[in-house]
Amino acid sequence: MQPTIDDVHPFESRAADADLDDLRARLTAVRLPETETVYRASPDPRRWDQGVPLADMIDLVDYWQNEYDWRAFEAALNRIGQYRTTIDGLGIHFLHRRSARADATPLIITHGWPGSIAEFVDVVDQLADPSDAGAPAFHVVAPSLPGFGYSDKPAATGWGPEKTAAAWTELMARLGYDKFLAHGGDWGGVVTTILGGRFPDRVLGIHTTFTEAPPRLSTEGLTTKERQWVTETNDFEHNRIAYAKQQATRPQTIGYSLVDSPVGLLAWILDKFAEWTDTEDSPFETMSRDRILDNVTLYWLTRTGASSARIYYESHHSLDPELRVEVPAAITMYPRDIGKCPRPWAQERYRQIVRWRSPETGGHFPSLENPSYFVNDLQEGLAAVLAANR
């Protein structure tokens with residue numbers, strides 16, 4: 001079950017010194033706009049009403065240029081274990097951390113946008129070899145989505161969540177995992193839902209932080225809290241989704257800026273880390289500058305600003321409304337996530353919900369905002385999924 005099959009090859013991250021020098025040179029020569037006209041002193045969430053505040057950007061660019069250590073992140077990835085394989089003509093990169101436990105269960109975890117495998121660096125070890133002997137252990141596989149990170153960039157259309165989910169089943173088969181669990185959030189949640197719905201013979205069950213109910217469901221019978229979720233989600237979809245419309249309709253256009261300007265890329269991604277986290281003023285209240293810059297620098301060095309944006313072109317509103325997930329599902333709805341689905345709605349698609357949680361805190365990036373809670377929640381949720389299989 002070790003990844004030594006001919007089609008799977010070890011991979012190591014090692015950016016060229018010239019590429020890192022070029023990044024620093026571009027940061028040195030940055031041209032910044034004037035201060036936003038809604039300027040307010042920190043802390044104040046309204047400082048972000050027009051996007052990333054200039055003062056925050058100046059500080060972060062200075063840190064990126066003079067103190068940030070990309071080599072430390074490369075070393076962390078290489079320590080976990082990296083591999084590549086080719087599926088349907090596309091090179092797929094993935095982390096693979098096998099557990100030392102004999103009772104470990106295979107688990108594939110999928111990131112979304114504007115995330116990456118950087119979301120999982122701080123949780124892989126605890127998922128594979130938990131300090132609590134009573135907690136479940138997992139053989140963790142964390143692929144980079146097509147067009148993201150060290151995975152190849154698709155040269156033609158077609159690599160949406162459906163094809164990606166099918167590729168994940170092939171990936172797990174190549175690693176010797178006939179049956180496995182799946183977890184995801186954001187686009188990773190869509191892929192995970194498709195895995196559970198399309199491949200029940202392979203997938204033991206799923207855990208997701210993103211659920212998409214079938215369309216046109218009634219709010220009748222929902223609790224006050226659930227109605228508030230619907231209101232907040234509708235507000236997001238109507239008033240704060242311009243980034244997704246841009247990437248769904250003109251990914252190539254925004255891609256020029258994202259591939260050519262590191263500060264443009266940083267602003268595009270940081271804006272979402274700020275808006276989608278459970279914080280009062282800044283994403284750095286719950287996440288380190290280094291981990292956010294790990295994520296952004298990975299996009300920069302792999303030149304995937306445009307190719308990653310195309311997942312919206314391939315996938316926006318593409319989840320089959322008739323798809324149903326019959327395998328056991330554990331679902332967690334964080335209060336500051338961008339889309340929150342009431343349980344009665346979720347049950348219309350996920351037909352066997354064995355665990356449902358709605359924590360008091362948390363946002364769109366739980367593995368980065370509160371890694372220990374995320375690990376515990378995933379362990380408990382997947383333990384319930386495994387129990388339902390017995």
# chains A, B, ... in the order shown; residues from 1 in each chain; ligands from 1
>>> residues_around(residues="stretch 245-247 of chain A", least_positions_apart="3", cutoff="9 Å", atoms="only C-alpha atoms", output="mmCIF file with N, CA, C and O atoms, in the first residue's frame")
data_model
loop_
_atom_site.group_PDB
_atom_site.id
_atom_site.type_symbol
_atom_site.label_atom_id
_atom_site.label_comp_id
_atom_site.auth_asym_id
_atom_site.auth_seq_id
_atom_site.Cartn_x
_atom_site.Cartn_y
_atom_site.Cartn_z
ATOM 1 N N ILE A 241 -20.231 38.381 -4.208
ATOM 2 C CA ILE A 241 -19.731 37.250 -4.978
ATOM 3 C C ILE A 241 -19.138 37.696 -6.319
ATOM 4 O O ILE A 241 -18.974 36.906 -7.251
ATOM 5 N N ALA A 242 -18.752 38.974 -6.406
ATOM 6 C CA ALA A 242 -18.200 39.492 -7.662
ATOM 7 C C ALA A 242 -16.942 38.729 -8.081
ATOM 8 O O ALA A 242 -16.722 38.495 -9.271
ATOM 9 N N ARG A 250 -14.603 35.315 -16.761
ATOM 10 C CA ARG A 250 -13.403 35.865 -17.389
ATOM 11 C C ARG A 250 -12.152 35.511 -16.577
ATOM 12 O O ARG A 250 -11.392 36.395 -16.154
ATOM 13 N N PRO A 251 -11.891 34.213 -16.331
ATOM 14 C CA PRO A 251 -10.709 33.847 -15.544
ATOM 15 C C PRO A 251 -9.400 34.246 -16.212
ATOM 16 O O PRO A 251 -8.432 34.572 -15.521
ATOM 17 N N GLN A 252 -9.377 34.237 -17.529
ATOM 18 C CA GLN A 252 -8.139 34.608 -18.224
ATOM 19 C C GLN A 252 -7.797 36.074 -17.979
ATOM 20 O O GLN A 252 -6.632 36.427 -17.790
ATOM 21 N N THR A 253 -8.816 36.923 -17.948
ATOM 22 C CA THR A 253 -8.577 38.362 -17.779
ATOM 23 C C THR A 253 -7.964 38.660 -16.415
ATOM 24 O O THR A 253 -6.939 39.343 -16.324
ATOM 25 N N ILE A 254 -8.570 38.144 -15.351
ATOM 26 C CA ILE A 254 -8.002 38.385 -14.026
ATOM 27 C C ILE A 254 -6.692 37.641 -13.864
ATOM 28 O O ILE A 254 -5.798 38.052 -13.117
ATOM 29 N N GLY A 255 -6.522 36.557 -14.626
ATOM 30 C CA GLY A 255 -5.313 35.751 -14.518
ATOM 31 C C GLY A 255 -4.044 36.497 -14.847
ATOM 32 O O GLY A 255 -2.988 36.230 -14.262
ATOM 33 N N ALA A 306 -4.230 32.076 -12.756
ATOM 34 C CA ALA A 306 -5.242 31.938 -13.801
ATOM 35 C C ALA A 306 -5.837 30.537 -13.816
ATOM 36 O O ALA A 306 -7.062 30.360 -13.876
ATOM 37 N N ALA A 309 -8.242 29.911 -11.019
ATOM 38 C CA ALA A 309 -9.488 30.664 -11.189
ATOM 39 C C ALA A 309 -10.450 29.940 -12.114
ATOM 40 O O ALA A 309 -11.677 30.083 -11.995
ATOM 41 N N ARG A 310 -9.911 29.135 -13.027
ATOM 42 C CA ARG A 310 -10.775 28.471 -14.012
ATOM 43 C C ARG A 310 -11.681 27.409 -13.394
ATOM 44 O O ARG A 310 -12.603 26.937 -14.060
ATOM 45 N N ILE A 311 -11.432 27.014 -12.150
ATOM 46 C CA ILE A 311 -12.342 26.057 -11.530
ATOM 47 C C ILE A 311 -13.753 26.640 -11.462
ATOM 48 O O ILE A 311 -14.750 25.911 -11.527
ATOM 49 N N TYR A 312 -13.862 27.965 -11.374
ATOM 50 C CA TYR A 312 -15.174 28.601 -11.376
ATOM 51 C C TYR A 312 -15.808 28.536 -12.758
ATOM 52 O O TYR A 312 -17.022 28.326 -12.890
ATOM 53 N N TYR A 313 -15.012 28.730 -13.787
ATOM 54 C CA TYR A 313 -15.505 28.609 -15.160
ATOM 55 C C TYR A 313 -16.016 27.195 -15.423
ATOM 56 O O TYR A 313 -17.038 26.989 -16.077
ATOM 57 N N HIS A 316 -19.059 26.525 -11.758
ATOM 58 C CA HIS A 316 -20.010 27.372 -11.035
ATOM 59 C C HIS A 316 -21.441 26.870 -11.235
ATOM 60 O O HIS A 316 -21.898 26.692 -12.363
#
>>> select_by_dssp(residues="stretch 283-335 of chain A", states="strand (DSSP E or B)", output="list in words")
Val325, Ala329, Ala330, Ile331 and Thr332 of chain A
>>> residues_around(residues="A:Arg324", least_positions_apart="3", cutoff="12 Å", atoms="only C-alpha atoms", output="PyMOL selection string")
chain A and resi 193-200+211-214+319-321+327-329+346-353
>>> closest_residue(among="A:Tyr83, A:Phe374, A:Phe73, A:Trp268", to="A:His183", atoms="only C-alpha atoms")
A:Phe374
>>> select_by_dssp(residues="stretch 154-330 of chain A", states="alpha helix (DSSP H)", output="PyMOL selection string")
chain A and resi 161-174+187-198+224-239+242-249+251-260+262-275+289-302+305-315
>>> residues_around(residues="stretch 225-230 of chain A", least_positions_apart="3", cutoff="6 Å", atoms="only C-alpha atoms", output="list of chain:residue names")
A:Leu222, A:Thr233, A:Lys340, A:Pro342
>>> write_last_selection(atoms="N, CA and C atoms", output="compact mmCIF listing (two decimals), in the first residue's frame")
# COMPACT_ATOMS: atom_id res chain seq x y z
N LEU A 222 -38.31 26.15 9.15
CA LEU A 222 -36.95 26.38 9.62
C LEU A 222 -36.97 27.17 10.93
N THR A 233 -26.62 33.77 3.72
CA THR A 233 -26.11 33.13 2.51
C THR A 233 -26.63 33.84 1.27
N LYS A 340 -24.16 28.73 4.53
CA LYS A 340 -24.60 27.87 5.64
C LYS A 340 -25.95 27.27 5.27
N PRO A 342 -29.23 25.02 6.19
CA PRO A 342 -30.03 24.45 7.28
C PRO A 342 -30.08 22.92 7.18
>>> residues_around(residues="A:Ala76", least_positions_apart="6", cutoff="10 Å", atoms="only C-alpha atoms", output="MDAnalysis selection string")
chainID A and resid 13 118 121:122
>>> write_last_selection(atoms="N, CA and C atoms", output="PDB file, in the first residue's frame")
ATOM      1  N   SER A  13       9.481  19.646  -3.197  1.00  0.00           N
ATOM      2  CA  SER A  13       9.385  21.071  -3.506  1.00  0.00           C
ATOM      3  C   SER A  13      10.765  21.698  -3.391  1.00  0.00           C
ATOM      4  N   ALA A 118      -1.719  23.997   1.620  1.00  0.00           N
ATOM      5  CA  ALA A 118      -1.234  24.715   2.804  1.00  0.00           C
ATOM      6  C   ALA A 118      -2.252  24.675   3.932  1.00  0.00           C
ATOM      7  N   VAL A 121      -1.296  21.479   6.296  1.00  0.00           N
ATOM      8  CA  VAL A 121       0.048  21.210   6.818  1.00  0.00           C
ATOM      9  C   VAL A 121       0.054  21.059   8.333  1.00  0.00           C
ATOM     10  N   ASP A 122      -0.786  21.818   9.023  1.00  0.00           N
ATOM     11  CA  ASP A 122      -0.778  21.804  10.485  1.00  0.00           C
ATOM     12  C   ASP A 122      -1.667  20.722  11.092  1.00  0.00           C
TER      13      ASP A 122
END
